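Coordinates from entry02.cif are shown below (mmCIF, C-alpha atoms).
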data_data
loop_
_atom_site.label_atom_id
_atom_site.label_comp_id
_atom_site.auth_asym_id
_atom_site.auth_seq_id
_atom_site.Cartn_x
_atom_site.Cartn_y
_atom_site.Cartn_z
CA MET A 485 162.60 56.68 173.36
CA THR A 486 160.80 56.09 176.64
CA PHE A 487 160.92 59.74 177.63
CA ARG A 488 159.72 60.83 174.21
CA HIS A 489 156.81 58.42 174.43
CA VAL A 490 155.81 59.79 177.84
CA ALA A 491 156.03 63.32 176.52
CA TYR A 492 153.76 62.42 173.61
CA GLU A 493 151.23 60.89 176.02
CA ASP A 494 151.28 64.04 178.18
CA ASP A 495 150.71 66.18 175.10
CA ASP A 496 147.78 63.99 174.09
CA MET A 497 146.26 64.22 177.56
CA SER A 498 146.71 68.00 177.62
CA SER A 499 145.06 68.36 174.23
CA GLN A 500 142.18 66.15 175.37
CA GLU A 501 141.72 68.20 178.53
CA GLY A 502 141.86 71.40 176.52
CA GLY A 503 139.29 70.04 174.09
CA ALA A 504 136.98 68.96 176.93
CA ARG A 505 137.34 72.36 178.58
CA SER A 506 136.56 74.21 175.35
CA MET A 507 133.54 71.96 174.79
CA THR A 508 132.28 72.72 178.33
CA VAL A 509 132.75 76.45 177.80
CA HIS A 510 130.91 76.25 174.48
CA LEU A 511 128.06 74.30 176.08
CA HIS A 512 127.75 76.83 178.89
CA ALA A 513 127.67 79.64 176.36
CA VAL A 514 124.89 77.94 174.40
CA LEU A 515 122.86 77.31 177.57
CA HIS A 516 123.33 80.91 178.62
CA ARG A 517 122.03 82.15 175.26
CA VAL A 518 119.03 79.80 175.52
CA ARG A 519 118.20 81.00 179.04
CA ASP A 520 118.62 84.60 177.99
CA PHE A 521 116.26 84.10 175.06
CA ASP A 522 113.81 82.36 177.39
CA ARG A 523 113.87 85.30 179.83
CA ARG A 524 113.37 87.88 177.09
CA ARG A 525 110.66 86.00 175.12
CA PRO A 526 109.03 83.39 177.36
CA LEU A 527 105.87 83.09 175.23
CA VAL A 528 107.88 82.34 172.08
CA TRP A 529 109.77 79.58 173.89
CA ASP A 530 106.54 78.15 175.36
CA ILE A 531 104.91 78.05 171.92
CA LEU A 532 107.96 76.37 170.38
CA LEU A 533 108.19 73.74 173.11
CA THR A 534 104.44 73.07 173.08
CA GLY A 535 104.47 72.81 169.29
CA LEU A 536 107.31 70.27 169.48
CA PHE A 537 105.39 68.02 171.87
CA VAL A 538 102.10 68.43 169.96
CA THR A 539 103.85 67.40 166.76
CA ALA A 540 105.42 64.37 168.45
CA ALA A 541 102.09 63.32 170.02
CA LEU A 542 100.14 63.63 166.76
CA THR A 543 102.90 61.78 164.89
CA ASP A 544 102.55 58.91 167.33
CA ALA A 545 98.75 59.09 166.99
CA ARG A 546 99.04 58.28 163.26
CA GLY A 547 99.69 54.63 164.12
CA GLY A 548 102.84 54.22 166.14
CA TRP A 549 100.84 54.02 169.39
CA ARG A 550 99.59 50.55 168.36
CA ASN A 551 103.10 49.09 168.87
CA VAL A 552 102.77 49.39 172.66
CA ALA A 553 98.99 49.46 173.05
CA ALA A 554 97.13 46.84 175.06
CA ASP A 555 94.14 47.36 172.75
CA PRO A 556 95.11 48.54 169.22
CA HIS A 557 91.45 49.00 168.20
CA VAL A 558 90.81 52.30 170.01
CA PRO A 559 89.13 54.79 167.60
CA PRO A 560 91.65 57.09 165.85
CA LEU A 561 89.65 60.23 166.66
CA LEU A 562 89.85 59.42 170.37
CA ILE A 563 93.59 58.85 170.04
CA ALA A 564 94.01 62.25 168.37
CA ALA A 565 91.90 63.96 171.03
CA LEU A 566 93.88 62.28 173.82
CA SER A 567 97.18 63.27 172.17
CA LEU A 568 96.11 66.91 172.00
CA GLY A 569 94.82 66.79 175.58
CA LEU A 570 98.20 65.47 176.78
CA SER A 571 100.30 68.04 174.87
CA LEU A 572 98.43 71.33 174.40
CA PRO A 573 98.19 72.20 178.15
CA LEU A 574 101.99 72.54 178.21
CA LEU A 575 101.52 76.09 176.95
CA TRP A 576 100.59 77.08 180.54
CA ARG A 577 103.10 74.86 182.32
CA ARG A 578 105.00 77.79 183.89
CA ARG A 579 102.12 79.81 185.26
CA HIS A 580 99.89 76.93 186.36
CA PRO A 581 101.90 73.67 186.37
CA LEU A 582 99.64 71.81 188.82
CA ALA A 583 96.54 72.81 186.87
CA VAL A 584 98.25 71.59 183.67
CA LEU A 585 98.94 68.18 185.22
CA THR A 586 95.38 68.05 186.54
CA ALA A 587 94.09 68.73 183.00
CA MET A 588 96.32 65.95 181.62
CA ALA A 589 95.24 63.41 184.25
CA PRO A 590 91.77 62.59 182.68
CA CYS A 591 93.40 62.04 179.28
CA ALA A 592 96.00 59.76 180.86
CA LEU A 593 93.22 57.91 182.69
CA VAL A 594 91.26 57.36 179.46
CA SER A 595 94.44 56.26 177.67
CA HIS A 596 95.16 53.57 180.27
CA TRP A 597 91.49 52.59 180.66
CA THR A 598 91.02 51.99 176.92
CA GLY A 599 94.36 50.20 176.60
CA ALA A 600 95.81 52.77 174.17
CA MET A 601 98.77 53.30 176.51
CA LEU A 602 99.81 56.42 174.59
CA GLN A 603 103.45 57.42 174.88
CA ALA A 604 102.20 61.01 175.03
CA THR A 605 101.49 60.35 178.72
CA PHE A 606 105.23 60.81 179.31
CA ILE A 607 104.67 64.51 178.53
CA GLN A 608 103.24 64.69 182.04
CA TYR A 609 106.82 64.61 183.37
CA VAL A 610 107.39 68.06 181.87
CA ALA A 611 104.59 69.33 184.10
CA VAL A 612 106.08 67.38 187.03
CA TYR A 613 109.42 69.15 186.48
CA ASN A 614 107.75 72.58 186.54
CA ILE A 615 105.79 71.70 189.69
CA ALA A 616 108.98 70.69 191.51
CA VAL A 617 110.80 73.81 190.29
CA ARG A 618 108.10 76.44 190.86
CA LEU A 619 105.72 75.27 193.59
CA PRO A 620 106.16 74.29 197.25
CA LEU A 621 107.49 70.74 197.52
CA ARG A 622 104.37 69.52 199.35
CA HIS A 623 102.57 69.62 195.98
CA LEU A 624 104.68 66.64 194.88
CA TRP A 625 102.38 64.35 196.91
CA TRP A 626 99.39 65.42 194.79
CA THR A 627 101.55 65.12 191.70
CA ALA A 628 102.45 61.51 192.57
CA ALA A 629 98.77 60.72 193.15
CA LEU A 630 97.76 62.22 189.77
CA LEU A 631 100.38 60.05 188.05
CA ALA A 632 99.78 56.85 190.01
CA GLY A 633 95.98 56.85 189.56
CA PRO A 634 95.89 56.22 185.78
CA LEU A 635 98.82 53.78 186.08
CA ALA A 636 96.97 51.74 188.67
CA VAL A 637 93.83 51.68 186.50
CA GLY A 638 95.83 50.50 183.47
CA ALA A 639 97.59 47.81 185.49
CA ALA A 640 94.28 46.51 186.86
CA ARG A 641 92.36 46.63 183.56
CA HIS A 642 95.09 45.37 181.23
CA PRO A 643 97.38 43.08 183.29
CA ARG A 644 99.88 42.23 180.56
CA VAL A 645 102.71 41.86 183.08
CA SER A 646 102.91 42.01 186.86
CA TRP A 647 101.54 45.19 188.42
CA ASP A 648 104.88 46.18 189.89
CA GLN A 649 106.47 46.16 186.43
CA GLN A 650 103.75 48.52 185.24
CA LEU A 651 103.84 50.88 188.26
CA VAL A 652 107.42 50.97 189.55
CA PRO A 653 109.29 52.21 186.40
CA PRO A 654 106.99 55.24 185.86
CA LEU A 655 107.14 56.12 189.55
CA LEU A 656 110.95 55.84 189.52
CA ALA A 657 110.98 58.16 186.51
CA PHE A 658 108.78 60.55 188.48
CA ALA A 659 111.28 60.46 191.38
CA LEU A 660 114.25 61.11 189.09
CA VAL A 661 112.50 64.04 187.36
CA ALA A 662 111.49 65.51 190.74
CA LEU A 663 115.05 65.16 192.12
CA ALA A 664 116.53 66.78 189.02
CA ALA A 665 114.07 69.65 189.32
CA ILE A 666 114.85 70.07 193.04
CA ALA A 667 118.58 70.19 192.20
CA VAL A 668 117.94 72.88 189.57
CA ARG A 669 115.72 74.77 192.00
CA THR A 670 118.35 74.61 194.75
CA ARG A 671 121.04 75.88 192.43
CA ARG A 672 118.79 78.65 191.16
CA ASP A 673 117.90 79.74 194.70
CA TYR A 674 121.57 79.62 195.69
CA THR A 675 122.52 81.75 192.70
CA ALA A 676 119.72 84.19 193.50
CA SER A 677 120.93 84.41 197.09
CA LEU A 678 124.46 85.14 195.86
CA VAL A 679 123.14 87.85 193.56
CA GLU A 680 121.10 89.35 196.39
CA ARG A 681 124.08 89.18 198.71
CA ALA A 682 126.23 90.91 196.11
CA ARG A 683 123.55 93.58 195.71
CA ARG A 684 123.39 94.11 199.48
CA LEU A 685 127.17 94.27 199.69
CA GLU A 686 127.18 96.84 196.90
CA VAL A 687 124.57 98.90 198.73
CA GLU A 688 126.53 98.60 201.98
CA ARG A 689 129.72 99.55 200.17
CA ASP A 690 128.02 102.66 198.76
CA GLN A 691 126.64 103.50 202.19
CA GLN A 692 130.07 103.04 203.77
CA ALA A 693 131.55 105.26 201.08
CA ARG A 694 128.94 107.95 201.77
CA LEU A 695 129.52 107.67 205.52
CA ALA A 696 133.27 107.87 205.02
CA ALA A 697 132.84 110.91 202.77
CA ALA A 698 130.58 112.57 205.36
CA ALA A 699 133.08 111.81 208.13
CA GLU A 700 135.90 113.20 205.99
CA ARG A 701 133.91 116.35 205.26
CA THR A 702 133.26 116.75 208.99
CA ARG A 703 136.94 116.29 209.77
CA ILE A 704 137.95 118.81 207.11
CA ALA A 705 135.36 121.31 208.35
CA ARG A 706 136.66 120.83 211.89
CA GLU A 707 140.27 121.36 210.83
CA MET A 708 139.44 124.45 208.76
CA HIS A 709 137.35 125.86 211.61
CA ASP A 710 140.22 125.38 214.05
CA ILE A 711 142.82 126.86 211.69
CA ILE A 712 140.82 129.82 210.39
CA GLY A 713 138.92 130.58 213.60
CA HIS A 714 141.98 130.61 215.82
CA ASN A 715 144.24 132.58 213.49
CA LEU A 716 141.60 135.15 212.64
CA SER A 717 140.93 135.66 216.35
CA VAL A 718 144.63 136.18 216.97
CA ILE A 719 144.85 138.58 214.03
CA THR A 720 141.82 140.49 215.30
CA GLY A 721 143.39 140.82 218.75
CA LEU A 722 146.67 141.97 217.28
CA ALA A 723 144.94 144.48 215.03
CA ASP A 724 142.94 145.94 217.93
CA GLY A 725 146.08 146.20 220.07
CA GLY A 726 148.05 147.75 217.23
CA ARG A 727 145.37 150.35 216.62
CA TYR A 728 145.48 151.51 220.23
CA ALA A 729 149.29 151.41 220.33
CA ALA A 730 149.76 153.34 217.08
CA ALA A 731 149.07 156.72 218.69
CA LYS A 732 151.40 156.25 221.70
CA SER A 733 154.06 153.80 220.60
CA PRO A 734 154.74 153.32 216.88
CA GLU A 735 157.23 150.55 217.76
CA ARG A 736 154.46 148.48 219.38
CA ALA A 737 152.24 149.03 216.34
CA ALA A 738 155.03 147.77 214.09
CA GLN A 739 155.42 144.70 216.29
CA ALA A 740 151.68 144.07 216.07
CA LEU A 741 151.76 144.33 212.29
CA GLU A 742 154.69 141.92 212.15
CA ALA A 743 152.83 139.48 214.38
CA ILE A 744 149.75 139.79 212.14
CA SER A 745 151.90 139.07 209.10
CA THR A 746 153.46 136.02 210.76
CA THR A 747 150.12 134.66 211.94
CA SER A 748 148.57 135.20 208.50
CA ARG A 749 151.40 133.32 206.80
CA GLN A 750 151.06 130.45 209.25
CA ALA A 751 147.32 130.24 208.59
CA LEU A 752 147.83 130.34 204.82
CA THR A 753 150.52 127.65 205.05
CA GLU A 754 148.25 125.33 207.04
CA LEU A 755 145.39 125.92 204.62
CA ARG A 756 147.65 125.20 201.64
CA HIS A 757 148.72 121.94 203.25
CA LEU A 758 145.12 120.92 203.88
CA LEU A 759 143.83 121.92 200.43
CA GLY A 760 146.86 120.38 198.73
CA VAL A 761 146.15 117.03 200.38
CA LEU A 762 142.50 117.28 199.33
CA ARG A 763 143.46 117.93 195.72
CA GLU A 764 145.81 114.95 195.79
CA HIS A 765 142.94 112.72 196.97
CA ASP A 766 140.37 114.11 194.53
CA ARG A 767 142.27 113.99 191.26
CA PRO A 768 143.79 110.88 189.63
CA PRO A 769 147.58 110.71 189.78
CA THR A 770 149.43 111.85 186.66
CA PRO A 771 153.14 111.68 185.84
CA ALA A 772 153.37 115.48 185.84
CA ALA A 773 151.51 115.91 189.12
CA THR A 774 153.54 117.41 191.94
CA PRO A 775 152.74 115.84 195.33
CA ALA A 776 151.38 118.17 197.98
CA GLU A 777 153.84 119.44 200.53
CA LEU A 778 153.17 117.60 203.77
CA SER A 779 154.02 118.56 207.32
CA PRO A 780 153.33 116.96 210.72
CA GLN A 781 150.10 117.77 212.50
CA PRO A 782 150.41 120.01 215.56
CA ALA A 783 151.38 118.24 218.79
CA LEU A 784 151.98 119.16 222.43
CA THR A 785 155.49 120.24 221.51
CA ASP A 786 153.89 123.06 219.48
CA LEU A 787 151.88 124.28 222.47
CA ASP A 788 154.45 126.98 223.29
CA VAL A 789 154.12 128.46 219.80
CA LEU A 790 150.34 128.49 220.16
CA VAL A 791 150.46 130.17 223.56
CA ASP A 792 153.00 132.74 222.36
CA GLY A 793 150.69 133.67 219.49
CA VAL A 794 147.76 134.12 221.86
CA ARG A 795 149.89 136.21 224.22
CA ALA A 796 150.99 138.37 221.30
CA ALA A 797 147.29 138.95 220.53
CA GLY A 798 146.90 140.47 224.03
CA LEU A 799 145.68 137.56 226.16
CA PRO A 800 147.96 136.64 229.07
CA VAL A 801 148.14 132.84 229.32
CA ASP A 802 149.77 130.72 232.04
CA VAL A 803 150.53 127.03 231.38
CA ALA A 804 151.04 124.55 234.22
CA VAL A 805 151.84 120.84 234.09
CA HIS A 806 150.94 118.57 237.04
CA GLY A 807 152.13 115.01 237.51
CA THR A 808 154.66 113.05 235.51
CA PRO A 809 154.17 113.56 231.76
CA VAL A 810 153.60 110.36 229.79
CA PRO A 811 153.90 110.04 226.03
CA LEU A 812 150.66 110.36 224.10
CA SER A 813 149.88 109.11 220.63
CA GLN A 814 150.00 111.62 217.78
CA GLY A 815 146.22 111.56 217.42
CA ARG A 816 145.67 112.31 221.11
CA GLN A 817 148.22 115.11 221.03
CA LEU A 818 146.43 116.67 218.05
CA ALA A 819 143.09 116.41 219.89
CA VAL A 820 144.54 118.09 222.99
CA TYR A 821 146.19 120.81 220.90
CA ARG A 822 142.99 121.60 219.00
CA VAL A 823 140.89 121.70 222.19
CA ILE A 824 143.31 124.15 223.83
CA GLN A 825 143.44 126.17 220.60
CA GLU A 826 139.66 126.38 220.37
CA ALA A 827 139.23 127.27 224.05
CA LEU A 828 141.80 130.09 223.85
CA THR A 829 140.23 131.31 220.59
CA ASN A 830 136.84 131.55 222.32
CA THR A 831 138.47 133.46 225.17
CA LEU A 832 139.98 135.92 222.70
CA LYS A 833 136.61 136.43 221.05
CA HIS A 834 134.26 136.49 224.04
CA ALA A 835 136.12 137.12 227.30
CA GLY A 836 136.52 140.85 226.78
CA PRO A 837 139.45 143.14 227.67
CA HIS A 838 141.73 142.54 230.65
CA ALA A 839 140.92 138.81 230.72
CA THR A 840 143.55 136.20 231.52
CA ALA A 841 143.64 132.45 230.85
CA ASP A 842 145.16 129.40 232.52
CA VAL A 843 145.95 126.06 230.92
CA ASP A 844 146.50 123.13 233.29
CA LEU A 845 147.68 119.72 232.06
CA THR A 846 147.34 116.98 234.66
CA TYR A 847 148.79 113.48 234.29
CA THR A 848 147.22 110.90 236.64
CA ASP A 849 145.38 107.68 235.87
CA ARG A 850 143.82 109.77 233.13
CA PHE A 851 144.88 112.86 231.22
CA THR A 852 143.05 116.09 232.07
CA VAL A 853 143.31 119.48 230.40
CA THR A 854 141.53 122.45 232.00
CA ILE A 855 141.35 125.85 230.33
CA THR A 856 139.88 128.68 232.39
CA ASP A 857 139.64 132.41 231.90
CA THR A 858 138.69 135.44 233.99
CA GLY A 859 136.57 137.07 231.36
CA THR A 860 133.06 138.35 231.60
CA ALA A 861 130.18 135.90 231.88
CA ARG A 862 128.56 134.87 228.62
CA PRO A 863 125.54 132.68 227.74
CA VAL A 864 126.02 128.93 227.67
CA GLY A 865 124.95 128.80 224.06
CA THR A 866 127.84 131.01 223.00
CA THR A 867 130.21 128.12 222.35
CA VAL A 868 127.60 125.62 221.26
CA GLY A 869 128.46 125.50 217.57
CA ARG A 870 131.17 124.05 215.41
CA GLY A 871 133.83 124.81 218.04
CA LEU A 872 132.35 122.88 220.95
CA THR A 873 131.01 120.19 218.64
CA GLY A 874 134.47 119.75 217.14
CA MET A 875 136.06 119.50 220.59
CA ARG A 876 133.60 116.84 221.68
CA GLU A 877 134.06 114.88 218.47
CA ARG A 878 137.84 114.89 218.89
CA ALA A 879 137.56 113.72 222.49
CA ALA A 880 135.03 111.01 221.61
CA LEU A 881 137.48 109.49 219.11
CA TYR A 882 139.63 108.46 222.09
CA GLY A 883 136.88 107.68 224.59
CA GLY A 884 137.12 111.12 226.23
CA THR A 885 134.70 113.89 227.11
CA VAL A 886 134.64 117.68 226.98
CA GLU A 887 132.75 119.85 229.44
CA ALA A 888 132.31 123.57 228.87
CA GLY A 889 130.47 126.21 230.86
CA PRO A 890 130.72 129.19 233.24
CA GLN A 891 132.89 128.81 236.32
CA GLN A 892 131.23 128.30 239.66
CA PRO A 893 130.79 131.53 241.72
CA PRO A 894 132.52 133.42 243.11
CA ALA A 895 134.89 132.80 240.19
CA THR A 896 134.07 134.48 236.91
CA GLY A 897 134.79 133.56 233.36
CA TRP A 898 134.63 130.31 231.44
CA ARG A 899 135.93 126.79 231.98
CA VAL A 900 136.64 124.03 229.42
CA GLN A 901 137.80 120.62 230.62
CA LEU A 902 139.00 117.71 228.47
CA LEU A 903 139.20 114.23 230.03
CA LEU A 904 141.00 111.43 228.20
CA PRO A 905 141.25 107.90 229.64
CA LYS A 906 144.61 106.21 230.00
CA GLU A 907 145.96 105.07 226.67
CA ASN A 908 146.14 101.31 226.27
CA PRO A 909 149.65 100.13 225.32
CA GLN A 910 149.85 98.41 221.95
#

Structure re-expressed in structure tokens:
Amino acid sequence: MTFRHVAYEDDDMSSQEGGARSMTVHLHAVLHRVRDFDRRRPLVWDILLTGLFVTAALTDARGGWRNVAADPHVPPLLIAALSLGLSLPLLWRRRHPLAVLTAMAPCALVSHWTGAMLQATFIQYVAVYNIAVRLPLRHLWWTAALLAGPLAVGAARHPRVSWDQQLVPPLLAFALVALAAIAVRTRRDYTASLVERARRLEVERDQQARLAAAAERTRIAREMHDIIGHNLSVITGLADGGRYAAAKSPERAAQALEAISTTSRQALTELRHLLGVLREHDRPPTPAATPAELSPQPALTDLDVLVDGVRAAGLPVDVAVHGTPVPLSQGRQLAVYRVIQEALTNTLKHAGPHATADVDLTYTDRFTVTITDTGTARPVGTTVGRGLTGMRERAALYGGTVEAGPQQPPATGWRVQLLLPKENPQ
């Protein structure tokens, strides 16, 4: 029986908490609808609120004011005029709250001076609330003075009780109204700051997305330039060599055609991989979608295949390694591979016939790759395009640099040097 009783009490408490929570949610929903209506039709709300207070003031002016008046013989027309003067200005309480309170102050002064002590003077606190919510807080000093003046006159002219009993309660009410308004204002400003912060974060998110998209487009353009540019240069070299060999040695022409076929397939395979990954990123996943075939990015272990392809295109290439090789991250290996690929591609395109190339990889306190050729001199601006830009971007990702230019006399040809700092261990 004891356990059952406890269970019943828990159920009662849960139902009470659920009822309180539903009541709070309902109240918040009602307040939200009221605020939304106020934002959409502020004039309608102002007219309704002003009409409510005008009605209450005129109702009190019909005779109820005599119950608290110090002098119940004040003319009724004056009472009606004072009631309207204390309620009608509320129509402008939002746009000019201090001016509204200033317009009410003479009516409040006359009310206390004559002894009418109209309860409509409490409408002034509505203006006080709007002053504290909408204007700088220093205006509260003037607001307190406008309220205290008529109260002091009434206390001096009609001393029914001690002056502190006539002054302190209204001033305490003023303080409470001002504090409530400051709390509302603080919460409103905090909410506005959160909304503004969310807006800024949304803008920053969109900017980051655009920057990421631009960086991805640049990376894709760089990859496609390296793949297409290099393989087309190799194919062009093979085709030129095969054309000259066709007349003298049909076997060499057949080898050139086979090399062209192999290089073309490799280029198409790499492009399919790249475009397949792009399609996977661009379209939403579906159950029937087949994932793109993926393969590792080129690394230093693939350097022999690259050099063999360039040699097959007719450019003699020597590769030398100096120092003790150290392992490099996959990203650094790809950067090195692409820089060598681009430099050899430029040599194929611009160095002319009978040129040779050397690739030196040096491992010291930093990693250095130097690609030189013995081709004919060419303007510095020849390589200033996507190729050199792509090489520099790849090197910059790892804190490195790329220098490209003609070799110093008496040497001829072109020189590209990649410098990468020592990789920090993880």

Counting only C-alpha atoms, closest pick from A:Leu845, A:Leu832, A:Ala697, A:Ala636 relative to A:Gln650 is A:Ala636

Closest-contact table, stretch 520-557 of chain A side, partner stretch 575-595 of chain A, 9 Å, counting only C-alpha atoms, as a Markdown table:
| residue | atom | partner | partner_atom | distance |
| --- | --- | --- | --- | --- |
| A:Leu527 | CA | A:Leu575 | CA | 8.4 |
| A:Asp530 | CA | A:Leu575 | CA | 5.7 |
| A:Ile531 | CA | A:Leu575 | CA | 6.4 |
| A:Leu533 | CA | A:Leu575 | CA | 8.0 |
| A:Thr534 | CA | A:Leu575 | CA | 5.7 |
| A:Gly535 | CA | A:Leu575 | CA | 8.8 |

Write the selection just made, keeping C-alpha atoms, as a PDB file, in the frame of the given file?
ATOM      1  CA  LEU A 527     105.870  83.090 175.230  1.00  0.00           C
ATOM      2  CA  ASP A 530     106.540  78.150 175.360  1.00  0.00           C
ATOM      3  CA  ILE A 531     104.910  78.050 171.920  1.00  0.00           C
ATOM      4  CA  LEU A 533     108.190  73.740 173.110  1.00  0.00           C
ATOM      5  CA  THR A 534     104.440  73.070 173.080  1.00  0.00           C
ATOM      6  CA  GLY A 535     104.470  72.810 169.290  1.00  0.00           C
TER       7      GLY A 535
END

Name the residues that the PyMOL selection byres ((chain A and resi 666) around 10) pulls out of this structure, and write them as a ChimeraX atom specification.
-> /A:613-618,621,660-665,667-672

Find, counting all atoms listed in the file, the residue in A:His838, A:Arg546, A:His642, A:Arg878 that gets nearest to A:Pro800.
-> A:His838

Which polymer residues have any atom within 6 Å of an atom of stretch 890-904 of chain A, counting all atoms listed in the file, with same-chain residues fewer than 3 positions away left out, as a PDB file with C-alpha atoms, keeping the file's coordinate frame?
ATOM      1  CA  ARG A 850     143.820 109.770 233.130  1.00  0.00           C
ATOM      2  CA  PHE A 851     144.880 112.860 231.220  1.00  0.00           C
ATOM      3  CA  THR A 852     143.050 116.090 232.070  1.00  0.00           C
ATOM      4  CA  VAL A 853     143.310 119.480 230.400  1.00  0.00           C
ATOM      5  CA  THR A 854     141.530 122.450 232.000  1.00  0.00           C
ATOM      6  CA  ILE A 855     141.350 125.850 230.330  1.00  0.00           C
ATOM      7  CA  THR A 856     139.880 128.680 232.390  1.00  0.00           C
ATOM      8  CA  ASP A 857     139.640 132.410 231.900  1.00  0.00           C
ATOM      9  CA  THR A 858     138.690 135.440 233.990  1.00  0.00           C
ATOM     10  CA  GLY A 859     136.570 137.070 231.360  1.00  0.00           C
ATOM     11  CA  THR A 860     133.060 138.350 231.600  1.00  0.00           C
ATOM     12  CA  ALA A 861     130.180 135.900 231.880  1.00  0.00           C
ATOM     13  CA  GLY A 884     137.120 111.120 226.230  1.00  0.00           C
ATOM     14  CA  THR A 885     134.700 113.890 227.110  1.00  0.00           C
ATOM     15  CA  VAL A 886     134.640 117.680 226.980  1.00  0.00           C
ATOM     16  CA  GLU A 887     132.750 119.850 229.440  1.00  0.00           C
TER      17      GLU A 887
END
